[in-house]
$ cat query12.tsv   # TSV, C-alpha atoms and all ligand atoms
chain	number	residue	atom	x	y	z
A	161	MET	CA	-104.30	64.97	-23.73
A	162	LYS	CA	-101.44	62.89	-22.26
A	163	ASN	CA	-100.16	62.51	-18.69
A	164	CYS	CA	-103.51	62.80	-16.96
A	165	ILE	CA	-103.84	60.50	-13.97
A	166	THR	CA	-106.85	59.95	-11.74
A	167	GLN	CA	-107.00	57.56	-8.80
A	168	GLY	CA	-103.62	56.23	-9.89
A	169	LEU	CA	-104.73	55.35	-13.43
A	170	PRO	CA	-103.94	57.09	-16.73
A	171	VAL	CA	-107.06	58.63	-18.26
A	172	PRO	CA	-107.70	57.13	-21.73
A	173	GLU	CA	-107.18	59.88	-24.30
A	174	ASP	CA	-110.70	59.67	-25.69
A	175	LEU	CA	-112.09	60.44	-22.23
A	176	ILE	CA	-110.23	63.69	-21.66
A	177	GLY	CA	-110.31	67.09	-23.32
A	178	ASN	CA	-109.49	70.74	-22.86
A	179	LEU	CA	-111.72	73.13	-21.00
A	180	GLN	CA	-113.13	75.44	-23.64
A	181	GLU	CA	-111.58	78.91	-23.41
A	182	SER	CA	-113.96	81.83	-23.26
A	183	SER	CA	-111.42	84.63	-23.19
A	184	ASP	CA	-112.82	85.93	-26.51
A	185	LEU	CA	-116.15	86.60	-24.78
A	186	LYS	CA	-114.67	89.06	-22.26
A	187	GLY	CA	-116.54	92.34	-22.55
A	188	LYS	CA	-119.67	90.50	-23.77
A	189	PRO	CA	-121.54	89.78	-20.53
A	190	GLY	CA	-124.60	88.33	-22.25
A	191	GLU	CA	-122.53	85.75	-24.10
A	192	LEU	CA	-120.44	84.88	-21.04
A	193	LYS	CA	-123.62	84.27	-19.07
A	194	ARG	CA	-125.12	82.17	-21.82
A	195	ARG	CA	-122.03	79.97	-22.12
A	196	LEU	CA	-121.81	79.56	-18.34
A	197	LYS	CA	-125.40	78.40	-18.26
A	198	GLU	CA	-124.95	76.04	-21.19
A	199	ASP	CA	-121.59	74.49	-20.27
A	200	GLY	CA	-121.74	74.90	-16.48
A	201	TYR	CA	-118.32	76.56	-16.47
A	202	LEU	CA	-116.15	79.25	-18.03
A	203	PHE	CA	-112.40	79.11	-18.55
A	204	LEU	CA	-110.64	82.47	-18.77
A	205	ARG	CA	-106.89	82.69	-19.20
A	206	GLY	CA	-104.70	85.29	-17.51
A	207	VAL	CA	-107.43	87.05	-15.58
A	208	ILE	CA	-105.02	88.17	-12.87
A	209	ASP	CA	-101.68	89.78	-13.53
A	210	ARG	CA	-98.90	87.17	-13.44
A	211	ASP	CA	-96.69	89.19	-11.06
A	212	GLU	CA	-99.52	89.65	-8.58
A	213	VAL	CA	-100.20	85.93	-8.63
A	214	LEU	CA	-96.55	85.01	-8.21
A	215	THR	CA	-96.23	87.43	-5.29
A	216	ALA	CA	-99.15	85.68	-3.58
A	217	ARG	CA	-97.61	82.29	-4.34
A	218	ALA	CA	-94.30	83.39	-2.79
A	219	GLU	CA	-96.08	84.75	0.29
A	220	ILE	CA	-97.88	81.45	0.87
A	221	PHE	CA	-94.97	79.12	0.20
A	222	GLU	CA	-92.66	81.18	2.42
A	223	ARG	CA	-95.07	80.61	5.33
A	224	LEU	CA	-94.94	76.87	4.61
A	225	ALA	CA	-91.15	76.96	4.28
A	226	ASN	CA	-91.04	78.53	7.75
A	227	VAL	CA	-92.69	75.38	9.13
A	228	GLY	CA	-90.27	73.08	7.31
A	229	GLU	CA	-92.60	71.91	4.54
A	230	ILE	CA	-91.19	73.69	1.45
A	231	LYS	CA	-87.62	73.78	0.14
A	232	GLN	CA	-85.86	77.02	-0.74
A	233	PRO	CA	-86.36	78.88	-2.98
A	234	SER	CA	-89.86	78.51	-1.63
A	235	TRP	CA	-91.76	80.10	-4.55
A	236	GLU	CA	-91.01	76.98	-6.59
A	237	GLY	CA	-93.20	74.96	-4.25
A	238	PHE	CA	-91.15	71.80	-3.81
A	239	PHE	CA	-92.17	69.67	-0.84
A	240	THR	CA	-89.50	68.67	1.68
A	241	GLY	CA	-91.53	65.61	2.64
A	242	ARG	CA	-91.59	66.65	6.27
A	243	SER	CA	-93.30	69.19	8.52
A	244	ASP	CA	-92.63	71.07	11.76
A	245	ARG	CA	-96.00	72.80	11.60
A	246	LYS	CA	-97.46	71.08	14.67
A	247	GLU	CA	-94.41	71.83	16.76
A	248	THR	CA	-93.80	75.41	15.65
A	249	ALA	CA	-96.97	77.04	14.28
A	250	GLY	CA	-99.10	77.10	17.43
A	251	ASP	CA	-102.84	76.73	16.83
A	252	LEU	CA	-103.20	75.11	13.38
A	253	GLY	CA	-106.51	76.81	12.55
A	254	ALA	CA	-105.11	80.23	13.47
A	255	PHE	CA	-101.96	79.55	11.45
A	256	TRP	CA	-103.98	78.58	8.39
A	257	LYS	CA	-106.29	81.59	8.79
A	258	SER	CA	-103.27	83.88	8.80
A	259	VAL	CA	-101.91	82.25	5.62
A	260	CYS	CA	-105.33	82.57	3.97
A	261	GLU	CA	-105.48	86.22	4.95
A	262	GLY	CA	-102.03	87.12	3.62
A	263	PRO	CA	-102.17	90.56	1.99
A	264	ALA	CA	-100.71	89.46	-1.36
A	265	LEU	CA	-103.18	86.57	-1.60
A	266	ARG	CA	-106.11	88.82	-0.68
A	267	GLN	CA	-105.01	91.37	-3.27
A	268	VAL	CA	-105.49	88.63	-5.86
A	269	THR	CA	-108.67	87.03	-4.52
A	270	HIS	CA	-110.44	90.10	-3.13
A	271	GLY	CA	-108.92	92.84	-5.31
A	272	PRO	CA	-110.67	94.77	-8.06
A	273	HIS	CA	-109.68	92.58	-11.05
A	274	LEU	CA	-111.31	89.34	-10.05
A	275	ARG	CA	-114.33	91.17	-8.71
A	276	ALA	CA	-114.82	92.97	-12.03
A	277	VAL	CA	-114.55	89.73	-13.99
A	278	MET	CA	-117.01	87.99	-11.69
A	279	ALA	CA	-119.44	90.91	-11.97
A	280	GLU	CA	-119.32	90.54	-15.72
A	281	VAL	CA	-119.81	86.78	-15.48
A	282	LEU	CA	-122.69	87.00	-13.00
A	283	GLY	CA	-124.23	89.95	-14.81
A	284	ASP	CA	-124.49	91.93	-11.57
A	285	PRO	CA	-122.15	93.63	-9.11
A	286	ALA	CA	-120.51	90.74	-7.25
A	287	ARG	CA	-118.93	90.14	-3.86
A	288	PRO	CA	-116.53	87.41	-2.79
A	289	GLN	CA	-117.12	85.43	0.38
A	290	ASP	CA	-114.47	86.27	2.96
A	291	TYR	CA	-113.82	82.60	3.73
A	292	LEU	CA	-111.65	81.08	1.03
A	293	PHE	CA	-110.15	77.71	0.22
A	294	LEU	CA	-106.44	77.72	-0.34
A	295	ARG	CA	-105.15	74.37	-1.59
A	296	PRO	CA	-101.54	73.31	-1.52
A	297	SER	CA	-101.78	69.77	-2.84
A	298	PRO	CA	-98.77	67.44	-2.66
A	299	VAL	CA	-97.93	64.59	-5.01
A	300	GLY	CA	-100.36	61.69	-4.68
A	301	ARG	CA	-103.37	63.81	-3.75
A	302	ALA	CA	-106.56	64.66	-5.61
A	303	THR	CA	-109.94	66.12	-4.73
A	304	PRO	CA	-112.73	63.60	-5.46
A	305	LEU	CA	-115.68	64.51	-7.66
A	306	HIS	CA	-118.45	66.52	-6.05
A	307	TYR	CA	-121.03	69.23	-6.61
A	308	ASP	CA	-120.45	72.37	-4.49
A	309	TYR	CA	-124.18	72.80	-4.06
A	310	PRO	CA	-125.13	71.93	-0.49
A	311	PHE	CA	-122.30	73.85	1.09
A	312	PHE	CA	-122.62	77.35	-0.25
A	313	ALA	CA	-126.21	77.56	-1.32
A	314	ARG	CA	-127.79	79.18	1.71
A	315	GLY	CA	-128.86	82.76	1.06
A	316	SER	CA	-128.20	82.87	-2.67
A	317	ASP	CA	-128.86	80.55	-5.55
A	318	ARG	CA	-126.51	82.50	-7.78
A	319	ILE	CA	-123.26	81.66	-6.04
A	320	HIS	CA	-120.39	80.65	-8.31
A	321	THR	CA	-116.98	79.23	-7.55
A	322	ALA	CA	-113.88	80.99	-8.89
A	323	TRP	CA	-110.94	78.54	-9.12
A	324	LEU	CA	-107.66	80.33	-9.63
A	325	ALA	CA	-104.26	78.84	-10.46
A	326	LEU	CA	-101.60	80.33	-8.17
A	327	GLY	CA	-98.71	79.34	-10.40
A	328	ASP	CA	-98.28	76.85	-13.23
A	329	VAL	CA	-100.56	73.87	-12.76
A	330	PRO	CA	-99.95	71.55	-15.71
A	331	VAL	CA	-102.01	68.37	-15.97
A	332	THR	CA	-99.25	66.44	-14.17
A	333	ASP	CA	-99.75	68.58	-11.06
A	334	GLY	CA	-103.42	67.80	-10.39
A	335	PRO	CA	-105.43	70.73	-11.77
A	336	LEU	CA	-109.19	71.18	-11.77
A	337	LEU	CA	-111.29	68.59	-13.56
A	338	VAL	CA	-114.80	69.38	-14.78
A	339	ILE	CA	-117.19	66.68	-15.99
A	340	GLU	CA	-118.46	67.76	-19.37
A	341	GLY	CA	-122.23	68.21	-19.37
A	342	SER	CA	-122.57	67.43	-15.64
A	343	ASN	CA	-124.64	70.60	-15.13
A	344	HIS	CA	-127.36	68.70	-16.99
A	345	PHE	CA	-127.15	65.43	-15.00
A	346	THR	CA	-130.51	65.97	-13.30
A	347	ASP	CA	-130.47	62.51	-11.72
A	348	LEU	CA	-127.37	63.51	-9.74
A	349	ILE	CA	-128.23	67.17	-9.22
A	350	GLU	CA	-131.69	66.56	-7.79
A	351	PRO	CA	-130.51	64.56	-4.76
A	352	ALA	CA	-127.73	67.10	-4.14
A	353	THR	CA	-130.14	70.02	-4.21
A	354	ALA	CA	-132.65	68.14	-2.04
A	355	VAL	CA	-130.24	68.20	0.92
A	356	ASP	CA	-131.88	70.06	3.76
A	357	TYR	CA	-129.16	72.62	4.31
A	358	ASP	CA	-131.16	74.36	7.01
A	359	SER	CA	-130.92	71.32	9.25
A	360	LYS	CA	-128.32	71.40	11.99
A	361	ASP	CA	-126.56	68.36	10.59
A	362	SER	CA	-123.76	68.97	8.24
A	363	PRO	CA	-124.94	67.90	4.79
A	364	ALA	CA	-123.73	64.68	3.23
A	365	VAL	CA	-120.82	64.99	0.86
A	366	SER	CA	-121.68	63.58	-2.54
A	367	VAL	CA	-118.54	61.84	-3.68
A	368	MET	CA	-119.29	59.93	-6.85
A	369	ASP	CA	-117.66	57.13	-8.81
A	370	SER	CA	-114.18	57.32	-10.19
A	371	PRO	CA	-113.90	60.01	-12.87
A	372	ILE	CA	-113.00	57.41	-15.53
A	373	SER	CA	-115.96	55.13	-14.87
A	374	LEU	CA	-118.30	58.09	-14.61
A	375	ALA	CA	-117.15	59.44	-17.98
A	376	GLN	CA	-117.47	55.97	-19.51
A	377	SER	CA	-120.90	55.23	-18.12
A	378	ARG	CA	-122.27	58.64	-19.15
A	379	GLY	CA	-120.55	58.79	-22.52
A	380	THR	CA	-118.87	62.06	-21.62
A	381	ARG	CA	-115.38	63.46	-21.00
A	382	LEU	CA	-113.22	64.90	-18.27
A	383	LEU	CA	-112.17	68.46	-19.03
A	384	THR	CA	-109.02	70.09	-17.73
A	385	ALA	CA	-106.15	72.33	-18.85
A	386	ASN	CA	-102.51	73.14	-18.41
A	387	PHE	CA	-103.21	76.08	-16.13
A	388	GLU	CA	-100.87	79.07	-15.98
A	389	PRO	CA	-100.60	81.68	-13.23
A	390	GLY	CA	-103.79	83.76	-13.05
A	391	ASP	CA	-105.93	81.44	-15.19
A	392	LEU	CA	-109.48	81.24	-13.88
A	393	ALA	CA	-112.24	78.65	-14.07
A	394	VAL	CA	-115.72	79.67	-12.94
A	395	PHE	CA	-118.47	77.15	-12.33
A	396	GLY	CA	-121.88	76.93	-10.78
A	397	MET	CA	-122.96	74.95	-7.75
A	398	THR	CA	-124.39	72.18	-9.93
A	399	THR	CA	-121.32	71.37	-12.04
A	400	LEU	CA	-119.53	68.18	-11.05
A	401	HIS	CA	-115.81	68.69	-10.50
A	402	GLY	CA	-112.71	67.51	-8.70
A	403	THR	CA	-109.05	67.37	-9.64
A	404	LEU	CA	-106.59	65.07	-11.37
A	405	ASP	CA	-103.92	63.39	-9.25
A	406	ASN	CA	-100.80	65.39	-8.64
A	407	HIS	CA	-98.00	63.20	-10.01
A	408	SER	CA	-95.38	65.89	-10.55
A	409	SER	CA	-92.05	64.20	-11.12
A	410	PHE	CA	-90.33	67.11	-9.32
A	411	GLY	CA	-92.44	66.82	-6.18
A	412	ARG	CA	-94.06	70.16	-6.87
A	413	ILE	CA	-97.05	71.16	-4.78
A	414	ARG	CA	-100.12	72.23	-6.74
A	415	LEU	CA	-101.26	75.62	-5.44
A	416	SER	CA	-104.68	77.06	-6.21
A	417	CYS	CA	-107.46	78.77	-4.38
A	418	ASP	CA	-111.20	78.82	-4.75
A	419	ILE	CA	-113.43	81.66	-3.70
A	420	ARG	CA	-117.20	81.91	-3.92
A	421	PHE	CA	-118.76	85.00	-5.48
A	422	GLN	CA	-122.36	86.10	-5.25
A	423	PRO	CA	-124.36	89.07	-6.46
A	424	MET	CA	-124.14	92.03	-4.04
A	425	ALA	CA	-127.92	92.06	-3.73
A	426	ASP	CA	-128.13	88.50	-2.39
A	427	GLU	CA	-128.26	87.54	1.25
A	428	MET	CA	-124.91	86.84	2.90
A	429	ASP	CA	-124.53	83.50	4.64
A	430	LYS	CA	-122.88	84.33	7.97
A	431	ARG	CA	-120.81	81.16	7.87
A	432	TYR	CA	-118.61	82.57	5.13
A	433	PHE	CA	-118.47	86.27	5.92
A	434	GLY	CA	-116.95	88.49	8.58
A	435	PRO	CA	-113.63	88.67	10.38
A	436	ASN	CA	-113.96	85.17	11.86
A	437	PRO	CA	-116.01	83.08	9.45
A	438	LYS	CA	-117.03	79.74	10.89
A	439	GLY	CA	-117.02	77.79	7.63
A	440	SER	CA	-119.23	74.82	6.80
A	441	THR	CA	-118.82	72.94	10.09
A	442	GLY	CA	-118.30	75.82	12.54
A	443	ILE	CA	-114.59	75.31	13.17
A	444	GLY	CA	-113.45	78.07	10.80
A	445	TYR	CA	-110.20	77.72	8.88
A	446	GLY	CA	-109.19	74.82	11.13
A	447	GLU	CA	-111.64	72.52	9.31
A	448	LEU	CA	-109.85	72.76	5.98
A	449	ASN	CA	-107.35	70.32	4.52
A	450	GLY	CA	-104.92	73.20	4.20
A	451	ALA	CA	-104.85	73.55	7.99
A	452	LYS	CA	-103.21	70.15	8.31
A	453	PRO	CA	-99.48	69.65	7.96
A	454	LEU	CA	-98.70	68.63	4.35
A	455	THR	CA	-97.49	65.27	5.64
A	456	GLU	CA	-100.98	64.31	6.90
A	457	PRO	CA	-103.77	62.74	4.81
A	458	TRP	CA	-106.75	64.86	3.76
A	459	HIS	CA	-110.40	64.78	4.74
A	460	THR	CA	-112.56	63.82	1.78
A	461	ARG	CA	-113.23	67.43	0.85
A	501	LIG	O1	-108.85	72.48	-6.10
A	501	LIG	C1	-109.36	71.49	-5.55
A	501	LIG	O2	-108.69	70.59	-5.03
A	501	LIG	C2	-110.84	71.38	-5.47
A	501	LIG	C3	-111.55	72.58	-6.00
A	501	LIG	C4	-112.99	72.60	-5.67
A	501	LIG	O3	-113.59	71.65	-5.27
A	501	LIG	C5	-113.70	73.89	-5.83
A	501	LIG	O4	-113.07	74.86	-6.28
A	501	LIG	O5	-114.89	73.95	-5.50
A	502	FE	FE	-115.69	72.07	-5.08

$ encode --input "query12.tsv" --output "structure tokens" --more "lines below"
Ligand SMILES: O=C(O)CCC(=O)C(=O)O
Ligand SMILES: [Fe+2]
Amino acid sequence: MKNCITQGLPVPEDLIGNLQESSDLKGKPGELKRRLKEDGYLFLRGVIDRDEVLTARAEIFERLANVGEIKQPSWEGFFTGRSDRKETAGDLGAFWKSVCEGPALRQVTHGPHLRAVMAEVLGDPARPQDYLFLRPSPVGRATPLHYDYPFFARGSDRIHTAWLALGDVPVTDGPLLVIEGSNHFTDLIEPATAVDYDSKDSPAVSVMDSPISLAQSRGTRLLTANFEPGDLAVFGMTTLHGTLDNHSSFGRIRLSCDIRFQPMADEMDKRYFGPNPKGSTGIGYGELNGAKPLTEPWHTR
């Protein structure tokens, strides 16, 4: 696969491949579950109706256009390179919460379609956490490799992440990257799962090597895809992932969101549920990268 860049470097072609599609396993819950366990992820195309996704995308980008960050027509998602968010949006956490709770976005993330797919994948009735991660990612940015484990594991060991493309996210725009076979890297998973997540301290973030050197040293590959609106990747808490760099030549923002689903029967971690979820550090939506003006650098996660 060409045009994949990580940490500013092109990924050698023998180190990168396509996420394996599992759309043919829809309606076969046993097989979906088996593949998820084996590969650590599932890739399902077109899970959400394209129009619903594009309506959510337009809703989000219009809010960002209103604070000077996105050019018109806003649904295209082109960055202006500037921001009036600090001057005009009021409290940044409250602004971001309101964007993350937009009705068109919630229809996609918390509506019946995704929930039904996740129930099939988890093999049990499933519920999404209320707290979600909405990620508008400008050119030059990427999310470093990590396991989701320490953050969402309290209360349920069957939590899975649903990563949803809110528009076209070709490999040039910094889509999700999954490390092939990383759900079997016990030497990395054991320290991550040993984090005492009941302690008051916020757990350490496990950011690993560069994706290229990791793939080389482990003899494995980076997996990604040219995502289209409504395409879904599902992965467990012990699958190593991040994103490619966004190097869109048009200055297009990558827009995706990730939501955690868990079986209905499992305990709900208060941090991520309710009308005012506190999130991992207690600050709520204000702690997220998305809460910062697009002109400002990110935290490491
Ligand atoms: O989309 C991203 O930038 C990161 C996604 C991620 O880490 C997740 O979905 O858990
Ligand atoms: Fe993650």

$ closest_atom_pairs --input "query12.tsv" --of "region 273-379 of chain A" --to "region 400-416 of chain A" --cutoff "6 Å" --atoms "all atoms listed in the file" --output "JSON lines"
{"residue": "A:Arg295", "atom": "CA", "partner": "A:Ser416", "partner_atom": "CA", "distance": 5.4}
{"residue": "A:Pro296", "atom": "CA", "partner": "A:Leu415", "partner_atom": "CA", "distance": 4.6}
{"residue": "A:Ser297", "atom": "CA", "partner": "A:Arg414", "partner_atom": "CA", "distance": 4.9}
{"residue": "A:Pro298", "atom": "CA", "partner": "A:Ile413", "partner_atom": "CA", "distance": 4.6}
{"residue": "A:Val299", "atom": "CA", "partner": "A:Asn406", "partner_atom": "CA", "distance": 4.7}
{"residue": "A:Gly300", "atom": "CA", "partner": "A:Asn406", "partner_atom": "CA", "distance": 5.4}
{"residue": "A:Arg301", "atom": "CA", "partner": "A:Asp405", "partner_atom": "CA", "distance": 5.5}
{"residue": "A:Ala302", "atom": "CA", "partner": "A:Asp405", "partner_atom": "CA", "distance": 4.7}
{"residue": "A:Thr303", "atom": "CA", "partner": "A:Gly402", "partner_atom": "CA", "distance": 5.0}
{"residue": "A:Pro304", "atom": "CA", "partner": "A:Gly402", "partner_atom": "CA", "distance": 5.1}
{"residue": "A:Leu305", "atom": "CA", "partner": "A:Gly402", "partner_atom": "CA", "distance": 4.3}
{"residue": "A:His306", "atom": "CA", "partner": "A:Leu400", "partner_atom": "CA", "distance": 5.4}
{"residue": "A:Tyr307", "atom": "CA", "partner": "A:Leu400", "partner_atom": "CA", "distance": 4.8}
{"residue": "A:Leu324", "atom": "CA", "partner": "A:Ser416", "partner_atom": "CA", "distance": 5.6}
{"residue": "A:Ala325", "atom": "CA", "partner": "A:Ser416", "partner_atom": "CA", "distance": 4.6}
{"residue": "A:Leu326", "atom": "CA", "partner": "A:Ser416", "partner_atom": "CA", "distance": 4.9}
{"residue": "A:Thr332", "atom": "CA", "partner": "A:Ser408", "partner_atom": "CA", "distance": 5.3}
{"residue": "A:Asp333", "atom": "CA", "partner": "A:Asn406", "partner_atom": "CA", "distance": 4.1}
{"residue": "A:Gly334", "atom": "CA", "partner": "A:Asn406", "partner_atom": "CA", "distance": 4.0}
{"residue": "A:Pro335", "atom": "CA", "partner": "A:Thr403", "partner_atom": "CA", "distance": 5.4}
{"residue": "A:Leu336", "atom": "CA", "partner": "A:Thr403", "partner_atom": "CA", "distance": 4.4}
{"residue": "A:Leu337", "atom": "CA", "partner": "A:Thr403", "partner_atom": "CA", "distance": 4.7}
{"residue": "A:Val338", "atom": "CA", "partner": "A:His401", "partner_atom": "CA", "distance": 4.5}
{"residue": "A:Ile339", "atom": "CA", "partner": "A:Leu400", "partner_atom": "CA", "distance": 5.7}
{"residue": "A:Ser342", "atom": "CA", "partner": "A:Leu400", "partner_atom": "CA", "distance": 5.6}

$ write_last_selection --input "query12.tsv" --atoms "C-alpha atoms" --output "compact mmCIF listing (two decimals), in the coordinates of the input"
# COMPACT_ATOMS: atom_id res chain seq x y z
CA ARG A 295 -105.15 74.37 -1.59
CA PRO A 296 -101.54 73.31 -1.52
CA SER A 297 -101.78 69.77 -2.84
CA PRO A 298 -98.77 67.44 -2.66
CA VAL A 299 -97.93 64.59 -5.01
CA GLY A 300 -100.36 61.69 -4.68
CA ARG A 301 -103.37 63.81 -3.75
CA ALA A 302 -106.56 64.66 -5.61
CA THR A 303 -109.94 66.12 -4.73
CA PRO A 304 -112.73 63.60 -5.46
CA LEU A 305 -115.68 64.51 -7.66
CA HIS A 306 -118.45 66.52 -6.05
CA TYR A 307 -121.03 69.23 -6.61
CA LEU A 324 -107.66 80.33 -9.63
CA ALA A 325 -104.26 78.84 -10.46
CA LEU A 326 -101.60 80.33 -8.17
CA THR A 332 -99.25 66.44 -14.17
CA ASP A 333 -99.75 68.58 -11.06
CA GLY A 334 -103.42 67.80 -10.39
CA PRO A 335 -105.43 70.73 -11.77
CA LEU A 336 -109.19 71.18 -11.77
CA LEU A 337 -111.29 68.59 -13.56
CA VAL A 338 -114.80 69.38 -14.78
CA ILE A 339 -117.19 66.68 -15.99
CA SER A 342 -122.57 67.43 -15.64

$ closest_residue --input "query12.tsv" --among "A:Leu202, A:Val394, A:Gly341, A:Arg431" --to "Ala375 (chain A)" --atoms "only C-alpha atoms"
A:Gly341

$ residues_around --input "query12.tsv" --residues "Asp251 (chain A)" --least-positions-apart "5" --cutoff "9 Å" --atoms "all atoms listed in the file" --output "list in words"
Lys246, Trp256 and Gly446 of chain A

$ closest_residue --input "query12.tsv" --among "A:Thr398, A:Thr240, A:Gln180, A:Thr455" --to "ligand FE 502 (chain A)" --atoms "only C-alpha atoms and all ligand atoms"
A:Thr398

$ atom_distance --input "query12.tsv" --atom1 "CA of Asp429 (chain A)" --atom2 "CA of Ala254 (chain A)"
21.6 Å

$ closest_residue --input "query12.tsv" --among "A:Thr215, A:Gln422, A:Thr248, A:Ser234" --to "Ala286 (chain A)" --atoms "only C-alpha atoms"
A:Gln422

$ atom_distance --input "query12.tsv" --atom1 "CA of Ile419 (chain A)" --atom2 "CA of Leu224 (chain A)"
20.8 Å

$ closest_residue --input "query12.tsv" --among "A:Ile372, A:Ala322, A:Leu348, A:Met424" --to "ligand LIG 501 (chain A)" --atoms "all atoms listed in the file"
A:Ala322

$ closest_residue --input "query12.tsv" --among "A:Leu448, A:Met278, A:Val331, A:Val227" --to "Gly250 (chain A)" --atoms "all atoms listed in the file"
A:Val227

$ axis_aligned_box --input "query12.tsv" --around "region 197-212 of chain A" --padding-each-side "3 Å" --output "AutoDock Vina command-line options"
--center_x -111.0 --center_y 82.1 --center_z -14.9 --size_x 34.7 --size_y 21.3 --size_z 18.6

$ closest_residue --input "query12.tsv" --among "A:Asp418, A:Glu222, A:Asp290, A:Glu350" --to "ligand LIG 501 (chain A)" --atoms "all atoms listed in the file"
A:Asp418
